[in-house]
>>> print(open('run_1.txt').read())   # compact mmCIF, C-alpha atoms
# COMPACT_ATOMS: atom_id res chain seq x y z
CA MET A 1 -5.50 2.60 -28.27
CA ASN A 2 -4.48 6.20 -28.99
CA LEU A 3 -2.16 7.24 -26.15
CA ASP A 4 -3.15 10.91 -26.41
CA SER A 5 -6.79 10.01 -25.83
CA ILE A 6 -6.05 8.32 -22.50
CA ARG A 7 -3.22 10.50 -21.26
CA SER A 8 -3.94 11.64 -17.68
CA SER A 9 -7.15 9.65 -17.44
CA VAL A 10 -8.69 7.03 -15.19
CA ILE A 11 -9.81 3.92 -17.10
CA SER A 12 -12.41 1.57 -15.65
CA GLY A 13 -11.81 -2.07 -16.42
CA ASP A 14 -9.66 -5.13 -15.93
CA CYS A 15 -6.02 -4.11 -16.05
CA ILE A 16 -4.72 -6.90 -18.26
CA ASN A 17 -7.33 -6.30 -20.96
CA THR A 18 -6.71 -2.56 -20.87
CA LEU A 19 -2.95 -3.00 -20.97
CA LYS A 20 -3.23 -5.19 -24.08
CA ALA A 21 -4.73 -2.22 -25.90
CA LEU A 22 -1.68 -0.01 -25.20
CA ARG A 23 1.26 0.27 -27.58
CA ASP A 24 4.64 -1.34 -26.92
CA ASN A 25 7.23 0.93 -25.27
CA SER A 26 4.74 3.74 -24.65
CA VAL A 27 5.01 4.64 -20.94
CA ASP A 28 7.98 5.81 -18.91
CA SER A 29 7.42 4.27 -15.48
CA CYS A 30 5.03 2.24 -13.36
CA VAL A 31 4.30 3.12 -9.72
CA THR A 32 1.62 0.90 -8.25
CA ASP A 33 0.09 -0.51 -5.08
CA PRO A 34 -1.30 -3.89 -6.18
CA PRO A 35 -3.16 -6.44 -4.05
CA TYR A 36 -0.86 -7.92 -1.41
CA GLY A 37 -2.59 -11.29 -1.24
CA LEU A 38 -2.73 -11.31 2.56
CA SER A 39 -5.03 -14.29 2.79
CA LYS A 40 -4.76 -18.01 3.40
CA GLU A 41 -1.28 -19.40 2.78
CA PRO A 42 -1.13 -20.78 -0.78
CA ASN A 43 0.24 -24.12 -1.94
CA ILE A 44 3.51 -22.72 -3.26
CA GLN A 45 4.22 -25.76 -5.43
CA GLU A 46 0.87 -25.33 -7.16
CA VAL A 47 1.49 -21.60 -7.61
CA LEU A 48 4.90 -22.07 -9.20
CA SER A 49 3.74 -25.00 -11.34
CA LYS A 50 0.94 -22.88 -12.78
CA TRP A 51 3.19 -19.89 -13.38
CA MET A 52 5.93 -22.01 -14.97
CA ALA A 53 3.32 -23.48 -17.34
CA GLY A 54 2.21 -19.98 -18.32
CA GLU A 55 -1.13 -20.34 -16.52
CA ASP A 56 -2.86 -18.08 -14.00
CA TYR A 57 -3.18 -19.27 -10.42
CA SER A 58 -6.62 -18.85 -8.84
CA HIS A 59 -6.58 -18.57 -5.06
CA GLN A 60 -9.79 -19.64 -3.34
CA ALA A 61 -9.73 -17.33 -0.34
CA LYS A 62 -10.76 -13.82 0.70
CA GLY A 63 -8.08 -11.19 1.09
CA PHE A 64 -7.56 -8.09 3.22
CA MET A 65 -10.79 -7.04 4.95
CA GLY A 66 -12.68 -9.80 3.15
CA LYS A 67 -11.99 -8.33 -0.29
CA SER A 68 -11.86 -10.97 -3.04
CA TRP A 69 -9.68 -8.76 -5.24
CA ASP A 70 -6.95 -8.92 -2.59
CA SER A 71 -6.88 -12.71 -2.25
CA PHE A 72 -3.58 -13.17 -4.12
CA VAL A 73 -0.73 -11.24 -5.72
CA PRO A 74 -0.92 -10.45 -9.46
CA GLY A 75 0.74 -13.17 -11.51
CA PRO A 76 3.41 -12.93 -14.24
CA ALA A 77 0.85 -12.47 -17.03
CA ILE A 78 -0.10 -9.00 -15.78
CA TRP A 79 3.49 -7.93 -15.22
CA ARG A 80 4.44 -9.12 -18.73
CA GLU A 81 1.92 -6.65 -20.13
CA VAL A 82 3.31 -3.90 -17.88
CA SER A 83 6.81 -4.72 -19.11
CA ARG A 84 5.67 -4.67 -22.75
CA VAL A 85 4.18 -1.16 -22.52
CA LEU A 86 7.13 0.23 -20.54
CA LYS A 87 9.98 1.73 -22.54
CA PRO A 88 13.27 -0.19 -22.33
CA GLY A 89 14.94 0.74 -19.06
CA GLY A 90 11.61 1.81 -17.57
CA HIS A 91 11.33 1.26 -13.83
CA ILE A 92 8.50 -0.22 -11.82
CA LEU A 93 8.02 0.55 -8.14
CA CYS A 94 5.66 -2.06 -6.77
CA PHE A 95 4.36 -2.08 -3.19
CA SER A 96 3.99 -5.48 -1.57
CA GLY A 97 3.19 -7.11 1.74
CA THR A 98 5.94 -8.41 4.01
CA ARG A 99 4.45 -11.93 3.88
CA THR A 100 4.04 -12.00 0.10
CA GLN A 101 6.99 -9.95 -1.08
CA ASP A 102 8.68 -13.16 -2.25
CA LEU A 103 5.75 -14.09 -4.51
CA MET A 104 5.47 -10.57 -5.94
CA THR A 105 9.20 -10.56 -6.70
CA ILE A 106 9.05 -13.96 -8.41
CA ALA A 107 6.09 -12.82 -10.53
CA LEU A 108 8.03 -9.72 -11.62
CA ARG A 109 11.16 -11.75 -12.41
CA MET A 110 9.14 -14.24 -14.46
CA ALA A 111 7.72 -11.32 -16.43
CA GLY A 112 11.24 -10.32 -17.46
CA PHE A 113 12.00 -7.54 -14.98
CA GLU A 114 15.40 -7.12 -13.38
CA ILE A 115 15.16 -6.58 -9.62
CA ARG A 116 17.20 -3.50 -8.77
CA ASP A 117 16.44 -2.91 -5.08
CA VAL A 118 13.76 -2.88 -2.39
CA ILE A 119 12.74 0.43 -0.84
CA GLU A 120 11.40 0.08 2.69
CA TRP A 121 8.63 2.48 3.66
CA LEU A 122 8.95 2.96 7.43
CA TYR A 123 6.21 4.01 9.83
CA THR A 124 5.43 3.71 13.53
CA SER A 125 1.64 3.72 13.36
CA GLY A 126 1.37 -0.02 12.71
CA PHE A 127 -1.19 -1.92 14.76
CA PRO A 128 -0.28 -5.41 16.06
CA LYS A 129 -2.67 -8.07 14.78
CA SER A 130 -1.41 -10.73 17.16
CA MET A 131 -3.66 -13.27 18.83
CA ASP A 132 -3.20 -13.38 22.60
CA VAL A 133 -2.47 -17.08 23.18
CA SER A 134 -3.20 -16.88 26.90
CA LYS A 135 -6.61 -15.29 26.31
CA ALA A 136 -7.36 -17.88 23.63
CA PHE A 137 -6.78 -20.71 26.12
CA ASP A 138 -9.14 -19.09 28.63
CA LYS A 139 -11.74 -18.49 25.93
CA ARG A 140 -11.57 -22.12 24.83
CA ALA A 141 -12.11 -23.19 28.44
CA GLY A 142 -15.11 -20.90 28.72
CA VAL A 143 -13.80 -18.98 31.71
CA GLU A 144 -13.71 -15.24 32.30
CA ARG A 145 -10.55 -13.32 33.11
CA HIS A 146 -10.48 -10.89 36.01
CA ILE A 147 -9.79 -7.24 35.19
CA ILE A 148 -6.87 -6.02 37.28
CA GLY A 149 -6.25 -2.63 35.66
CA GLU A 150 -6.45 -0.53 32.53
CA ARG A 151 -4.17 1.48 30.28
CA GLU A 152 -4.75 4.25 27.78
CA VAL A 153 -3.20 4.35 24.32
CA PRO A 154 -3.43 7.12 21.70
CA ASP A 155 -6.29 6.73 19.23
CA LYS A 156 -4.70 7.55 15.86
CA ARG A 157 -7.71 6.69 13.77
CA ASN A 158 -8.50 9.20 11.04
CA GLY A 159 -12.21 8.55 11.19
CA HIS A 160 -11.85 5.56 8.92
CA GLY A 161 -10.42 2.75 10.96
CA ARG A 162 -7.62 1.95 13.33
CA ALA A 163 -4.04 3.03 12.98
CA TYR A 164 -1.99 1.10 10.45
CA GLY A 165 0.80 2.09 8.16
CA SER A 166 -1.07 1.47 4.97
CA SER A 167 -3.19 4.47 4.97
CA LEU A 168 -6.77 3.77 5.59
CA PHE A 169 -5.83 3.35 9.14
CA ALA A 170 -3.17 6.00 9.63
CA GLY A 171 -4.04 9.54 10.59
CA GLU A 172 -4.06 12.20 13.23
CA GLN A 173 -4.49 11.43 16.92
CA THR A 174 -8.13 11.82 17.93
CA GLY A 175 -8.15 10.80 21.58
CA LYS A 176 -7.50 7.80 23.79
CA ILE A 177 -8.51 4.15 23.73
CA VAL A 178 -8.80 2.25 27.02
CA HIS A 179 -7.48 -1.31 27.15
CA TYR A 180 -8.37 -3.49 30.12
CA ILE A 181 -5.57 -5.48 31.74
CA THR A 182 -6.66 -8.97 32.75
CA GLU A 183 -5.01 -11.90 34.49
CA PRO A 184 -5.04 -15.46 33.18
CA SER A 185 -7.41 -17.99 34.76
CA THR A 186 -6.56 -21.49 33.51
CA GLU A 187 -3.25 -23.22 34.01
CA LEU A 188 -2.43 -23.19 30.29
CA ALA A 189 -3.29 -19.50 30.11
CA LYS A 190 -0.87 -18.81 32.98
CA ILE A 191 1.93 -20.78 31.29
CA TRP A 192 1.50 -18.94 27.97
CA ASP A 193 0.74 -15.48 29.39
CA GLY A 194 2.51 -12.88 27.25
CA TRP A 195 2.74 -15.01 24.11
CA GLY A 196 1.23 -13.98 20.76
CA THR A 197 1.27 -14.95 17.10
CA SER A 198 2.81 -11.98 15.24
CA ILE A 199 4.81 -8.80 15.68
CA LYS A 200 3.86 -5.19 14.96
CA PRO A 201 4.08 -4.03 11.31
CA ALA A 202 6.41 -1.06 10.85
CA HIS A 203 7.40 -1.19 7.18
CA GLU A 204 6.13 -2.05 3.71
CA PRO A 205 8.46 -3.15 0.90
CA VAL A 206 8.45 -1.36 -2.46
CA ILE A 207 10.07 -3.62 -5.04
CA MET A 208 12.21 -1.63 -7.46
CA ALA A 209 12.60 -3.38 -10.81
CA ARG A 210 13.56 -2.37 -14.33
CA LYS A 211 12.79 -3.50 -17.86
CA PRO A 212 16.06 -4.60 -19.51
CA LEU A 213 18.04 -1.89 -21.27
CA GLU A 214 18.70 -1.68 -24.99
CA GLY A 215 22.45 -1.24 -25.17
CA ASN A 216 24.25 0.29 -22.22
CA THR A 217 22.82 2.76 -19.72
CA ILE A 218 23.67 6.03 -21.46
CA GLU A 219 22.60 4.69 -24.86
CA ASN A 220 19.23 3.70 -23.41
CA VAL A 221 18.82 7.02 -21.57
CA GLU A 222 19.70 8.94 -24.74
CA ARG A 223 17.20 7.05 -26.89
CA TYR A 224 14.25 6.53 -24.51
CA GLY A 225 14.81 8.86 -21.55
CA THR A 226 14.55 5.89 -19.19
CA GLY A 227 16.96 3.61 -17.34
CA ALA A 228 18.32 6.02 -14.72
CA VAL A 229 16.93 7.35 -11.42
CA ASN A 230 16.59 11.00 -10.39
CA ILE A 231 19.07 11.32 -7.53
CA GLN A 232 19.25 15.11 -7.34
CA ASP A 233 15.53 15.84 -7.08
CA CYS A 234 14.95 13.00 -4.60
CA ARG A 235 17.58 13.93 -2.05
CA VAL A 236 16.42 13.91 1.57
CA PRO A 237 16.27 17.38 3.17
CA SER A 238 19.03 17.75 5.75
CA GLY A 239 20.13 20.48 8.12
CA GLN A 240 23.71 19.29 7.64
CA SER A 241 23.82 19.93 3.91
CA ASN A 242 22.18 22.36 1.49
CA GLU A 243 22.24 19.65 -1.14
CA GLY A 244 20.48 17.10 1.06
CA ARG A 245 21.22 13.46 1.76
CA PHE A 246 21.67 10.94 -1.04
CA PRO A 247 18.33 9.07 -1.33
CA ALA A 248 18.37 5.73 0.45
CA ASN A 249 16.37 2.52 0.14
CA CYS A 250 14.49 3.39 3.33
CA VAL A 251 11.93 6.22 3.23
CA THR A 252 9.38 7.72 5.59
CA THR A 253 6.97 10.60 5.91
CA ASP A 254 7.23 10.50 9.71
CA ASN A 255 8.68 13.70 11.09
CA ASP A 256 9.58 13.00 14.71
CA GLU A 257 11.04 9.48 14.81
CA TRP A 258 14.71 8.69 15.42
CA TYR A 259 15.15 7.74 11.76
CA SER A 260 13.39 10.82 10.37
CA GLN A 261 16.56 12.87 9.90
CA PHE A 262 17.93 10.18 7.59
CA PHE A 263 14.88 9.04 5.62
CA ASN A 264 12.17 11.73 5.75
CA ILE A 265 11.39 12.52 2.12
CA THR A 266 8.92 15.35 2.76
CA PRO A 267 9.45 18.86 4.13
CA LYS A 268 8.83 19.11 7.85
CA GLU A 269 5.62 21.09 7.55
CA ILE A 270 3.86 18.48 5.39
CA SER A 271 5.18 15.28 6.94
CA LYS A 272 2.17 13.10 7.63
CA LYS A 273 0.45 9.79 7.04
CA SER A 274 -2.49 9.54 4.68
CA SER A 275 -4.73 11.79 6.72
CA LYS A 276 -8.46 12.26 6.33
CA LYS A 277 -7.81 15.50 4.43
CA ASP A 278 -5.21 13.84 2.19
CA ARG A 279 -7.46 10.97 1.15
CA ASN A 280 -10.54 13.15 0.59
CA SER A 281 -8.83 15.91 -1.42
CA ASP A 282 -8.15 16.38 -5.12
CA TRP A 283 -4.79 17.21 -6.69
CA GLN A 284 -5.29 20.92 -5.93
CA GLY A 285 -6.10 20.29 -2.26
CA ASN A 286 -9.86 20.85 -2.56
CA VAL A 287 -12.40 18.49 -0.98
CA ILE A 288 -13.60 16.09 -3.69
CA ASP A 289 -17.13 16.55 -4.97
CA LEU A 290 -18.58 13.23 -3.85
CA GLU A 291 -21.17 12.40 -1.25
CA GLU A 292 -19.94 11.08 2.07
CA ARG A 293 -20.71 7.43 2.72
CA ARG A 294 -21.40 5.83 6.06
CA THR A 295 -19.17 2.80 6.51
CA TYR A 296 -18.17 0.47 9.29
CA PRO A 297 -14.43 0.08 8.77
CA GLY A 298 -12.75 -3.29 9.20
CA THR A 299 -10.75 -3.87 12.33
CA GLY A 300 -9.08 -7.06 11.23
CA ARG A 301 -11.89 -8.99 12.90
CA GLY A 302 -14.90 -9.60 10.72
CA VAL A 303 -16.06 -8.36 7.37
CA ILE A 304 -15.67 -4.76 6.27
CA ASN A 305 -18.89 -2.73 6.48
CA SER A 306 -20.35 -5.07 9.09
CA LYS A 307 -21.87 -3.17 12.01
CA TYR A 308 -20.37 -5.61 14.51
CA THR A 309 -17.01 -7.27 15.05
CA MET A 310 -16.76 -11.05 15.23
CA ASP A 311 -16.90 -10.94 19.03
CA GLY A 312 -20.12 -8.90 18.99
CA ARG A 313 -18.78 -5.43 19.73
CA GLU A 314 -20.46 -2.62 17.82
CA ARG A 315 -18.36 -0.57 15.44
CA LYS A 316 -18.62 3.18 15.22
CA PRO A 317 -19.76 4.29 11.75
CA VAL A 318 -17.71 6.93 9.93
CA GLU A 319 -18.41 9.27 7.02
CA SER A 320 -15.91 9.44 4.17
CA ARG A 321 -15.88 10.50 0.54
CA ASN A 322 -12.95 8.20 -0.21
CA HIS A 323 -13.89 4.73 1.02
CA HIS A 324 -10.92 2.80 -0.39
CA PRO A 325 -9.28 0.68 2.35
CA THR A 326 -5.60 1.17 1.46
CA VAL A 327 -4.86 4.76 0.45
CA LYS A 328 -1.17 5.59 0.24
CA PRO A 329 0.07 9.09 1.21
CA VAL A 330 0.26 11.39 -1.81
CA ASP A 331 3.65 12.76 -0.73
CA LEU A 332 5.11 9.25 -0.65
CA MET A 333 3.76 8.48 -4.13
CA ALA A 334 5.09 11.81 -5.43
CA TRP A 335 8.63 11.02 -4.27
CA LEU A 336 8.50 7.55 -5.84
CA ILE A 337 7.18 8.90 -9.15
CA LYS A 338 9.85 11.60 -9.25
CA LEU A 339 12.57 9.01 -8.57
CA VAL A 340 11.89 6.91 -11.68
CA THR A 341 9.98 9.11 -14.16
CA PRO A 342 11.70 11.51 -16.59
CA PRO A 343 10.38 15.11 -16.72
CA GLY A 344 7.06 15.25 -18.54
CA GLY A 345 6.88 11.44 -18.61
CA ILE A 346 3.88 9.15 -18.31
CA VAL A 347 3.48 7.04 -15.17
CA LEU A 348 1.30 3.93 -15.28
CA ASP A 349 -0.70 2.51 -12.37
CA PRO A 350 -2.59 -0.68 -13.33
CA PHE A 351 -4.04 -1.01 -9.82
CA GLY A 352 -5.20 2.57 -9.43
CA GLY A 353 -7.46 2.30 -6.38
CA SER A 354 -8.67 5.73 -5.33
CA GLY A 355 -6.02 7.54 -7.33
CA SER A 356 -3.12 8.56 -5.09
CA THR A 357 -0.62 7.83 -7.89
CA ALA A 358 -2.60 10.01 -10.29
CA VAL A 359 -2.97 12.83 -7.74
CA ALA A 360 0.77 12.80 -7.05
CA ALA A 361 1.59 12.71 -10.77
CA ARG A 362 -0.66 15.63 -11.64
CA LYS A 363 0.56 17.74 -8.72
CA ASN A 364 4.14 17.32 -9.96
CA GLY A 365 3.72 17.83 -13.71
CA PHE A 366 3.61 14.21 -14.88
CA ASP A 367 1.00 12.55 -17.07
CA PHE A 368 -0.60 9.32 -15.89
CA ILE A 369 -2.60 6.31 -17.03
CA LEU A 370 -4.56 4.84 -14.16
CA ILE A 371 -6.55 1.61 -14.47
CA GLU A 372 -9.05 0.49 -11.83
CA ARG A 373 -11.38 -2.51 -11.99
CA GLU A 374 -13.86 -1.40 -9.31
CA GLU A 375 -16.03 1.45 -10.60
CA ASP A 376 -16.69 2.74 -7.07
CA TYR A 377 -12.98 3.37 -6.60
CA ALA A 378 -12.49 4.68 -10.16
CA GLU A 379 -15.14 7.32 -9.45
CA VAL A 380 -13.15 8.48 -6.41
CA ALA A 381 -9.92 8.52 -8.45
CA ARG A 382 -11.50 10.72 -11.14
CA ALA A 383 -12.83 13.12 -8.53
CA ARG A 384 -9.34 13.42 -7.04
CA ALA A 385 -7.18 13.56 -10.17
CA CYS A 386 -9.19 14.57 -13.26
>>> encode(input="run_1.txt", output="structure tokens")
Amino acid sequence: MNLDSIRSSVISGDCINTLKALRDNSVDSCVTDPPYGLSKEPNIQEVLSKWMAGEDYSHQAKGFMGKSWDSFVPGPAIWREVSRVLKPGGHILCFSGTRTQDLMTIALRMAGFEIRDVIEWLYTSGFPKSMDVSKAFDKRAGVERHIIGEREVPDKRNGHGRAYGSSLFAGEQTGKIVHYITEPSTELAKIWDGWGTSIKPAHEPVIMARKPLEGNTIENVERYGTGAVNIQDCRVPSGQSNEGRFPANCVTTDNDEWYSQFFNITPKEISKKSSKKDRNSDWQGNVIDLEERRTYPGTGRGVINSKYTMDGRERKPVESRNHHPTVKPVDLMAWLIKLVTPPGGIVLDPFGGSGSTAVAARKNGFDFILIEREEDYAEVARARAC
């Protein structure tokens, strides 16, 4: 495949087949947000046995929001192709889920990558997805709980779901949500009142890996322009220093948290999550030229686009031009691209989604190759980046 013909383009198709058509050592970096595989726990022995034998592992479960494409993490075969097309010393920054980071890292290692670090993306808009054990006992017993009060919490939905760090759900505050406070009824419910099954998400790991160098660092940088990271242009703005803070392996786009002064990678006036405007805009900041779609966003309970939750409550429909469920903030992607991509370089995203990597690349003078299997999402990515 002629690289010039696909430079700064969105390609529809399966990523591994598309990657096989690219030349060896032809791209400078890879910044990607692949499927996290947040589904049923796999049989790890079967997974590793398949991977060690050079075979793909097929996971028979639905993933995030009922999406089949998110049922499991990409295996070593895909990452081998990414490694092949990367120049020696080329970096990959790969988002992953906290529960499946170990599998993603193993897959990258088995593909030949060297693990260099893990960057933690911090946020405070995470929504706990914990089952209330006390309420579950009362529900099993078929008894109702008495309402003894209520409390209001900020509604940070951006018109496309509830608040959550990974984008679709993070946005500006739009009002208040009322939660009813109930008291346990059964004896077991009283014993286990206050117990749950998980804690609130507040970070996502970004695995930082590198294709092995040819020679030493400066020899590789001299020949290929890859192998180093851009410290100077990725410093964190600081009131204590004109130069800024040395970039750390924790980053955020939050502006007003206690850690913001240390890890905020965006100027104060543009610090934000992936807002409704961010996700529905092109690389120049204009609203994308696509029709709005009515959707019923997932709430972690039931299937996405269902009008009702699993417990029968009706969802409120929303209108959105970008209907991808996990849109990363463009400013976050821009910082990551700038960290590992030489000036004028090509950044690859084999799991392109709705195009945040491409938007960030184009806004900052980089070329991109974005691959997306789902044509609905590829159409959004083209509208945003091309």
>>> residues_around(input="run_1.txt", residues="range 184-196 of chain A", least_positions_apart="3", cutoff="12 Å", atoms="all atoms listed in the file", output="short mmCIF file (atom, residue, chain, number, x, y, z; two decimals) with C-alpha atoms, in the frame of the given file")
data_model
loop_
_atom_site.label_atom_id
_atom_site.label_comp_id
_atom_site.auth_asym_id
_atom_site.auth_seq_id
_atom_site.Cartn_x
_atom_site.Cartn_y
_atom_site.Cartn_z
CA PRO A 128 -0.28 -5.41 16.06
CA LYS A 129 -2.67 -8.07 14.78
CA SER A 130 -1.41 -10.73 17.16
CA MET A 131 -3.66 -13.27 18.83
CA ASP A 132 -3.20 -13.38 22.60
CA VAL A 133 -2.47 -17.08 23.18
CA SER A 134 -3.20 -16.88 26.90
CA LYS A 135 -6.61 -15.29 26.31
CA ALA A 136 -7.36 -17.88 23.63
CA PHE A 137 -6.78 -20.71 26.12
CA ASP A 138 -9.14 -19.09 28.63
CA LYS A 139 -11.74 -18.49 25.93
CA ARG A 140 -11.57 -22.12 24.83
CA ALA A 141 -12.11 -23.19 28.44
CA GLY A 142 -15.11 -20.90 28.72
CA VAL A 143 -13.80 -18.98 31.71
CA GLU A 144 -13.71 -15.24 32.30
CA ARG A 145 -10.55 -13.32 33.11
CA HIS A 146 -10.48 -10.89 36.01
CA ILE A 147 -9.79 -7.24 35.19
CA ILE A 148 -6.87 -6.02 37.28
CA ILE A 181 -5.57 -5.48 31.74
CA ILE A 199 4.81 -8.80 15.68
CA LYS A 200 3.86 -5.19 14.96
#
>>> residues_around(input="run_1.txt", residues="range 227-234 of chain A", least_positions_apart="2", cutoff="8 Å", atoms="all atoms listed in the file", output="ChimeraX atom specification")
/A:88-91,210,213,217,220-221,225,236,246-247,265,335,338-342
>>> atom_distance(input="run_1.txt", atom1="CA of Gly126 in chain A", atom2="CA of Glu204 in chain A")
10.4 Å
>>> closest_residue(input="run_1.txt", among="A:Val10, A:Pro74, A:Thr252, A:Gly244", to="Val47 in chain A", atoms="all atoms listed in the file")
A:Pro74
>>> closest_residue(input="run_1.txt", among="A:Gly75, A:Pro201, A:Pro212, A:Pro34", to="Glu114 in chain A", atoms="only C-alpha atoms")
A:Pro212
>>> atom_distance(input="run_1.txt", atom1="CA of Val178 in chain A", atom2="CA of Glu152 in chain A")
4.6 Å
>>> atom_distance(input="run_1.txt", atom1="CA of Ser356 in chain A", atom2="CA of Val206 in chain A")
15.5 Å
>>> residues_near_point(input="run_1.txt", point="(18.8, -8.6, -8.2)", cutoff="12 Å", atoms="all atoms listed in the file", output="list of chain:residue names")
A:Thr105, A:Ile106, A:Leu108, A:Arg109, A:Phe113, A:Glu114, A:Ile115, A:Arg116, A:Asp117, A:Val118, A:Ile207, A:Met208, A:Ala209, A:Arg210
>>> closest_residue(input="run_1.txt", among="A:Asp24, A:Glu222, A:Glu214, A:Glu150", to="Arg80 in chain A", atoms="all atoms listed in the file")
A:Asp24
>>> residues_around(input="run_1.txt", residues="Leu348 in chain A", least_positions_apart="2", cutoff="6 Å", atoms="only C-alpha atoms", output="MDAnalysis selection string")
chainID A and resid 30 368:369
>>> closest_residue(input="run_1.txt", among="A:Trp258, A:Cys15, A:Pro350, A:Gly355", to="Val327 in chain A", atoms="all atoms listed in the file")
A:Gly355
>>> residues_around(input="run_1.txt", residues="Ile346 in chain A", least_positions_apart="3", cutoff="6 Å", atoms="only C-alpha atoms", output="NGL selection string")
:A and (27-28 or 367-368)
>>> residues_around(input="run_1.txt", residues="Gly97 in chain A", least_positions_apart="3", cutoff="7 Å", atoms="all atoms listed in the file", output="JSON, numbers by chain")
{"A": [36, 100, 101, 204, 205]}
>>> closest_residue(input="run_1.txt", among="A:Ser26, A:Thr182, A:Ser12, A:Ser71", to="His59 in chain A", atoms="all atoms listed in the file")
A:Ser71
>>> closest_residue(input="run_1.txt", among="A:Ile337, A:Leu370, A:Ile16, A:Val380", to="Phe351 in chain A", atoms="only C-alpha atoms")
A:Leu370
